[in-house]
Structure formats: C-alpha cells, structure tokens
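These notes concern the structure reproduced below.
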Amino acid sequence: MAATGTNSKDLENHHNDCFVQLSNPHIATMKEDVLYHFNLSTSTHDFPAMFGDVKFVCVGGSPSRMSTFIRYVAAELGLDHPGKEYPNICAGTDRYAMYKVGPVLSVSHGMGIPSIGIMLHELIKMLYHAKCSNITIIRIGTSGGIGLEPGSVVITQQAVDECFKPEFEQIVLGKRVVRSTNLDTQLVQELMQCASDLNEFPTVVGNTMCTLDFYEGQGRLDGALCSYTEKDKQAYLHAAHAAGVRNIEMESSLFATMCSACGLRAAVVCVTLLDRLQGDQISTPHDVLVEYQQRPQRLVGHFIKKSLMKA
C-alpha cells in the first residue's frame, strides 16, 4: 500500500537527514559519556534538549572571539535584544568556552592541533549524543598569508602538511596512521559566493598549510631557535606558494580529518594578519587587527543567515 502524502514527506526528510557519525564502536557500550573538558556528561545533561536543534557550529581559537561571534550572529539573525546574556555552557571548566543562540553553536578550541583535537573529540560526541543532523561546521580564525595583502580572507580548498601533502599523520598505539584532509568542496563554493555577495574584503580560495609550531615550523626567523637563513625561509615559502598554499595556521589538518571521518560538512575560513614573504612579526595597529579578525565572522555570519533564509 502506498504511504500517505504526509508520511512520504516525513520519510523523505528522514532519508535526507545526515546524522553525526562516530568512528568508534566502543561508545555504544558506555553507560555514561563524560565530556571532561566541557564539564558535560550524558548522565547529568540532556544533550538532545540542549543541542538537538543545532545546525551550524563555528569554532575558533579564543573564548573572547567566540563570545563576540555569538553576539554578532544573534544580531544578524534577529535573535538578540538589549540585555540578553549568552552564558558559557562550559562555565564549569577553564579549558574551552561554548555559546549558543538558536541553531548556532560557537566554541573555542585553543591553539594548535593538540588543543583543537581534544575539543573536537568531545564536541563531535556531544553532537552525536544530541542526535544532531545536517551539521555544518566552520573554523574561523587568523593566519599568516603567503603572497596576500594583510586582511585577505582565505577559504581553504585543501589542508596540507608542512611538506604540502593533503594528509594528517598521527602515531596511534606506536604505529603511524595517515588520514586524508578533505573538506567539503560545495561548501567552499557557497562561502566564496557569500564573499562575493558582501564584496567587503579580498577573499581567495587556496590551500592552507597546517603546522605543529608557530616559529620554526612556519619558517620564522624570530624564535628562540632558528637553524636556517632568510634565503632558506624564502625558498620554502615560495615553494609553498607554488604548491597552492595561501596561508599558514595550526589547526586545519586535524579539523578537516576529524570532520570528514564523522560525516560533518566542514570548512576553514581564516583572515591573514601579514604576508609572510614580507616578514615574520605582526606590527599592525591593534584596531586594524580587530577589524581583520571580524572579517571571517562577517562572512560566516552572512552564510548562516543566507542558509537559514533558504531553509
């Protein structure tokens, strides 16, 4: 017997839903899952009630930046009003900060692969326990540019390692494990269209090099240790540029790896604070840097608003 129209539609929507996946069979056997670094637990918090309506997750380095972002998004979506507070959901810990308004979650991840890795493990499990579906997750942050004017925004096409390979290597149980760093190509196009809609600042699509270190790992000459020359540095950065790299940061490869493995539509949007071909230190006035850091927020905020208007 054919299903009724309503039931057919419900079935269609169910099949179209893309739920968060975990690549770990052990989670299903656990009676309680303690997200220690968030100070949240499946036995003390109702994750579906708290987070079940989330569709957009934005992550960035500092708690203050992510607090600013949630206020900005709230205003953009018409959900803000005078005196409204956005409490830190992770207030019981000083490791990370998390804020929510409507279908948008804003989470800090600290600096570097170890910090964002811990956060992502617990964030993805939280979204899984909350039974979230059709999630888009975007890292918004800062970076060093290669051959770009400071203040340019880079939408990552591919996250690559220090040898310009699109992979992330990790040692697991003493063995080398290599995973791909794929990002959602359609999402890249949608974000680039949003940049064209805004037409407020230079925006490019390019590869992002993810390093384990801010100084030697990125070819800087101003660290406590340095074993190479300016000529060596320039040769390396020009080789990176020739490989399609347009910016350097310290989180994108693991972010791409984990999101892809768990079925999350993901992108990285970072502003460049300087052109590394021209120097290593950031001497731009503070007020200019603040405006630069708002650029990824404005782009992603526009994307979220535009996406919700289509829904």
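The way I read the labels, and the way they are meant: chains A, B, ... in the order of the structure tokens, residue 1 as the first residue of every chain, and ligand 1 as the first ligand shown, with later ones counted on from there.
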Excluding segment 116-123 of chain A and residues on its chain fewer than 3 positions from it, collect all residues at most 8 Å away from it, counting only C-alpha atoms, and give them as JSON, numbers by chain.
{"A": [35, 37, 38, 96, 109, 110, 111, 112, 113, 126, 127, 251, 254, 255, 258]}
Once you have the residues from the selection above, write them out as a PDB file, in the first residue's frame, restricted to C-alpha atoms.
```
ATOM      1  CA  LEU A  35      32.978  15.098  28.244  1.00  0.00           C
ATOM      2  CA  HIS A  37      36.992  19.169  29.136  1.00  0.00           C
ATOM      3  CA  PHE A  38      33.487  20.594  28.581  1.00  0.00           C
ATOM      4  CA  TYR A  96      37.060  25.752  26.498  1.00  0.00           C
ATOM      5  CA  HIS A 109      39.375  25.442  20.631  1.00  0.00           C
ATOM      6  CA  GLY A 110      42.591  26.980  21.912  1.00  0.00           C
ATOM      7  CA  MET A 111      45.809  26.998  19.889  1.00  0.00           C
ATOM      8  CA  GLY A 112      47.304  24.148  17.905  1.00  0.00           C
ATOM      9  CA  ILE A 113      46.446  20.573  16.942  1.00  0.00           C
ATOM     10  CA  MET A 126      28.215  15.782  22.075  1.00  0.00           C
ATOM     11  CA  LEU A 127      26.537  16.388  18.704  1.00  0.00           C
ATOM     12  CA  GLU A 251      44.610  23.548  13.268  1.00  0.00           C
ATOM     13  CA  LEU A 254      43.176  17.676  12.097  1.00  0.00           C
ATOM     14  CA  PHE A 255      39.953  19.693  11.849  1.00  0.00           C
ATOM     15  CA  MET A 258      38.041  14.521  12.051  1.00  0.00           C
TER      16      MET A 258
END
```
Any idea what's packed within 8 Å of segment 238-249 of chain A, counting only C-alpha atoms, ignoring anything in its chain fewer than 2 positions away? Could you give it as JSON, numbers by chain?
{"A": [142, 143, 144, 145, 146, 147, 148, 154, 164, 206, 207, 208, 209, 210, 211, 214, 218, 234, 235, 236, 251, 252, 272]}
Lys55 of chain A surroundings by only C-alpha atoms, 10 Å radius, close-in-sequence under 6 positions cut, as a count of residues only
13
What residues in segment 42-141 of chain A get the DSSP label strand (DSSP E)? Please answer as JSON, numbers by chain.
{"A": [56, 57, 58, 59, 60, 98, 99, 100, 101, 104, 105, 106, 107, 108, 136, 137, 138, 139, 140, 141]}
How would the residues just chosen look if you wrote them out with N, CA and C atoms as a short mmCIF file (atom, residue, chain, number, x, y, z; two decimals), in the first residue's frame?
```cif
data_model
loop_
_atom_site.label_atom_id
_atom_site.label_comp_id
_atom_site.auth_asym_id
_atom_site.auth_seq_id
_atom_site.Cartn_x
_atom_site.Cartn_y
_atom_site.Cartn_z
N PHE A 56 24.52 24.74 12.82
CA PHE A 56 25.78 25.39 12.46
C PHE A 56 26.68 25.45 13.69
N VAL A 57 27.90 24.97 13.54
CA VAL A 57 28.88 25.04 14.61
C VAL A 57 30.08 25.82 14.10
N CYS A 58 30.44 26.87 14.82
CA CYS A 58 31.60 27.67 14.47
C CYS A 58 32.62 27.57 15.58
N VAL A 59 33.86 27.27 15.23
CA VAL A 59 34.91 27.11 16.22
C VAL A 59 36.06 28.06 15.90
N GLY A 60 36.69 28.55 16.96
CA GLY A 60 37.81 29.48 16.80
C GLY A 60 38.68 29.44 18.04
N MET A 98 31.84 27.72 25.36
CA MET A 98 30.81 27.34 24.39
C MET A 98 29.58 28.23 24.58
N TYR A 99 29.07 28.74 23.47
CA TYR A 99 27.91 29.64 23.50
C TYR A 99 26.92 29.18 22.43
N LYS A 100 25.65 29.46 22.67
CA LYS A 100 24.61 29.04 21.73
C LYS A 100 23.54 30.09 21.58
N VAL A 101 23.09 30.29 20.35
CA VAL A 101 21.90 31.08 20.09
C VAL A 101 21.16 30.43 18.92
N VAL A 104 22.76 27.95 16.23
CA VAL A 104 24.20 28.21 16.07
C VAL A 104 24.94 27.96 17.39
N LEU A 105 26.01 27.18 17.29
CA LEU A 105 26.88 26.91 18.43
C LEU A 105 28.24 27.52 18.13
N SER A 106 28.82 28.19 19.13
CA SER A 106 30.11 28.85 18.98
C SER A 106 31.04 28.31 20.07
N VAL A 107 32.18 27.72 19.66
CA VAL A 107 33.05 27.02 20.61
C VAL A 107 34.50 27.43 20.40
N SER A 108 35.22 27.69 21.50
CA SER A 108 36.65 27.97 21.39
C SER A 108 37.43 26.66 21.37
N THR A 136 26.72 21.78 9.72
CA THR A 136 27.82 22.44 9.02
C THR A 136 28.74 23.03 10.08
N ILE A 137 30.01 22.70 10.01
CA ILE A 137 30.97 23.18 11.00
C ILE A 137 32.08 23.96 10.30
N ILE A 138 32.37 25.15 10.82
CA ILE A 138 33.34 26.04 10.17
C ILE A 138 34.33 26.55 11.20
N ARG A 139 35.61 26.41 10.90
CA ARG A 139 36.63 27.05 11.73
C ARG A 139 36.86 28.46 11.22
N ILE A 140 36.76 29.44 12.11
CA ILE A 140 37.05 30.83 11.75
C ILE A 140 38.25 31.26 12.59
N GLY A 141 39.23 31.88 11.94
CA GLY A 141 40.42 32.22 12.70
C GLY A 141 41.35 33.16 11.96
#
```
Find the residues near Glu230 of chain A: any atom within 12 Å, counting only C-alpha atoms, skip ones fewer than 2 places away on the same chain, and give them as a list of chain:residue names.
A:Gly219, A:Arg220, A:Leu221, A:Asp222, A:Cys226, A:Ser227, A:Tyr228, A:Asp232, A:Lys233, A:Gln234, A:Ala235, A:Tyr236, A:Leu237, A:Arg276, A:Leu277, A:Gln278, A:Gly279, A:Asp280
Write out as an mmCIF file with C-alpha atoms, in the first residue's frame all residues of segment 36-279 of chain A that DSSP puts in helix (DSSP H, G or I) for this structure's backbone.
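Writing done, so here's part-v8.cif:
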```
data_model
loop_
_atom_site.group_PDB
_atom_site.id
_atom_site.type_symbol
_atom_site.label_atom_id
_atom_site.label_comp_id
_atom_site.auth_asym_id
_atom_site.auth_seq_id
_atom_site.Cartn_x
_atom_site.Cartn_y
_atom_site.Cartn_z
ATOM 1 C CA TYR A 36 35.568 16.085 30.830
ATOM 2 C CA HIS A 37 36.992 19.169 29.136
ATOM 3 C CA PHE A 38 33.487 20.594 28.581
ATOM 4 C CA PHE A 47 22.038 16.716 25.190
ATOM 5 C CA PRO A 48 19.093 16.427 22.733
ATOM 6 C CA ALA A 49 17.216 19.169 24.626
ATOM 7 C CA MET A 50 20.287 21.391 24.869
ATOM 8 C CA PHE A 51 21.765 20.912 21.403
ATOM 9 C CA PRO A 63 36.920 32.305 24.104
ATOM 10 C CA SER A 64 36.511 36.069 23.747
ATOM 11 C CA ARG A 65 36.392 35.843 19.953
ATOM 12 C CA MET A 66 33.726 33.137 20.077
ATOM 13 C CA SER A 67 31.699 35.121 22.605
ATOM 14 C CA THR A 68 31.853 38.115 20.270
ATOM 15 C CA PHE A 69 30.832 35.901 17.368
ATOM 16 C CA ILE A 70 27.708 34.535 19.076
ATOM 17 C CA ARG A 71 26.550 38.077 19.834
ATOM 18 C CA TYR A 72 27.190 39.087 16.236
ATOM 19 C CA VAL A 73 25.270 36.096 14.855
ATOM 20 C CA ALA A 74 22.399 36.684 17.283
ATOM 21 C CA ALA A 75 22.043 40.241 15.977
ATOM 22 C CA GLU A 76 22.300 39.092 12.345
ATOM 23 C CA ILE A 113 46.446 20.573 16.942
ATOM 24 C CA PRO A 114 46.518 19.028 20.442
ATOM 25 C CA SER A 115 44.049 21.587 21.790
ATOM 26 C CA ILE A 116 41.609 21.524 18.871
ATOM 27 C CA GLY A 117 41.848 17.724 18.774
ATOM 28 C CA ILE A 118 40.639 17.299 22.349
ATOM 29 C CA MET A 119 37.850 19.788 21.751
ATOM 30 C CA LEU A 120 36.700 18.099 18.531
ATOM 31 C CA HIS A 121 36.553 14.631 20.071
ATOM 32 C CA GLU A 122 34.193 15.889 22.763
ATOM 33 C CA LEU A 123 32.250 18.257 20.501
ATOM 34 C CA ILE A 124 31.547 15.573 17.893
ATOM 35 C CA LYS A 125 30.472 13.102 20.591
ATOM 36 C CA MET A 126 28.215 15.782 22.075
ATOM 37 C CA LEU A 127 26.537 16.388 18.704
ATOM 38 C CA TYR A 128 26.157 12.630 18.255
ATOM 39 C CA HIS A 129 24.525 12.172 21.663
ATOM 40 C CA THR A 185 34.059 21.429 -1.993
ATOM 41 C CA GLN A 186 30.442 22.571 -2.343
ATOM 42 C CA LEU A 187 30.686 24.465 0.939
ATOM 43 C CA VAL A 188 33.819 26.217 -0.328
ATOM 44 C CA GLN A 189 31.858 27.424 -3.361
ATOM 45 C CA GLU A 190 28.938 28.579 -1.212
ATOM 46 C CA LEU A 191 31.249 30.554 1.069
ATOM 47 C CA MET A 192 33.028 32.136 -1.893
ATOM 48 C CA GLN A 193 29.643 33.202 -3.255
ATOM 49 C CA CYS A 194 28.868 34.793 0.118
ATOM 50 C CA ALA A 195 32.169 36.679 -0.076
ATOM 51 C CA SER A 196 31.093 37.975 -3.497
ATOM 52 C CA ASP A 197 27.714 38.959 -2.062
ATOM 53 C CA LEU A 198 29.392 41.026 0.654
ATOM 54 C CA GLU A 216 60.467 27.116 13.220
ATOM 55 C CA GLY A 217 57.568 25.049 11.905
ATOM 56 C CA GLN A 218 56.407 28.069 9.909
ATOM 57 C CA GLU A 230 66.473 34.198 5.288
ATOM 58 C CA LYS A 231 67.278 32.686 1.891
ATOM 59 C CA ASP A 232 66.216 29.231 3.126
ATOM 60 C CA LYS A 233 62.990 30.666 4.523
ATOM 61 C CA GLN A 234 62.113 32.478 1.298
ATOM 62 C CA ALA A 235 62.793 29.376 -0.796
ATOM 63 C CA TYR A 236 60.449 27.326 1.428
ATOM 64 C CA LEU A 237 57.637 29.878 1.412
ATOM 65 C CA HIS A 238 57.876 30.314 -2.365
ATOM 66 C CA ALA A 239 57.716 26.528 -2.754
ATOM 67 C CA ALA A 240 54.600 26.534 -0.574
ATOM 68 C CA HIS A 241 53.043 29.255 -2.721
ATOM 69 C CA ALA A 242 53.848 27.268 -5.877
ATOM 70 C CA SER A 252 43.157 22.920 9.804
ATOM 71 C CA SER A 253 44.546 19.452 9.017
ATOM 72 C CA LEU A 254 43.176 17.676 12.097
ATOM 73 C CA PHE A 255 39.953 19.693 11.849
ATOM 74 C CA ALA A 256 39.454 18.503 8.259
ATOM 75 C CA THR A 257 40.391 14.899 9.096
ATOM 76 C CA MET A 258 38.041 14.521 12.051
ATOM 77 C CA CYS A 259 35.085 16.292 10.461
ATOM 78 C CA SER A 260 35.342 14.233 7.288
ATOM 79 C CA ALA A 261 35.588 10.954 9.238
#
```
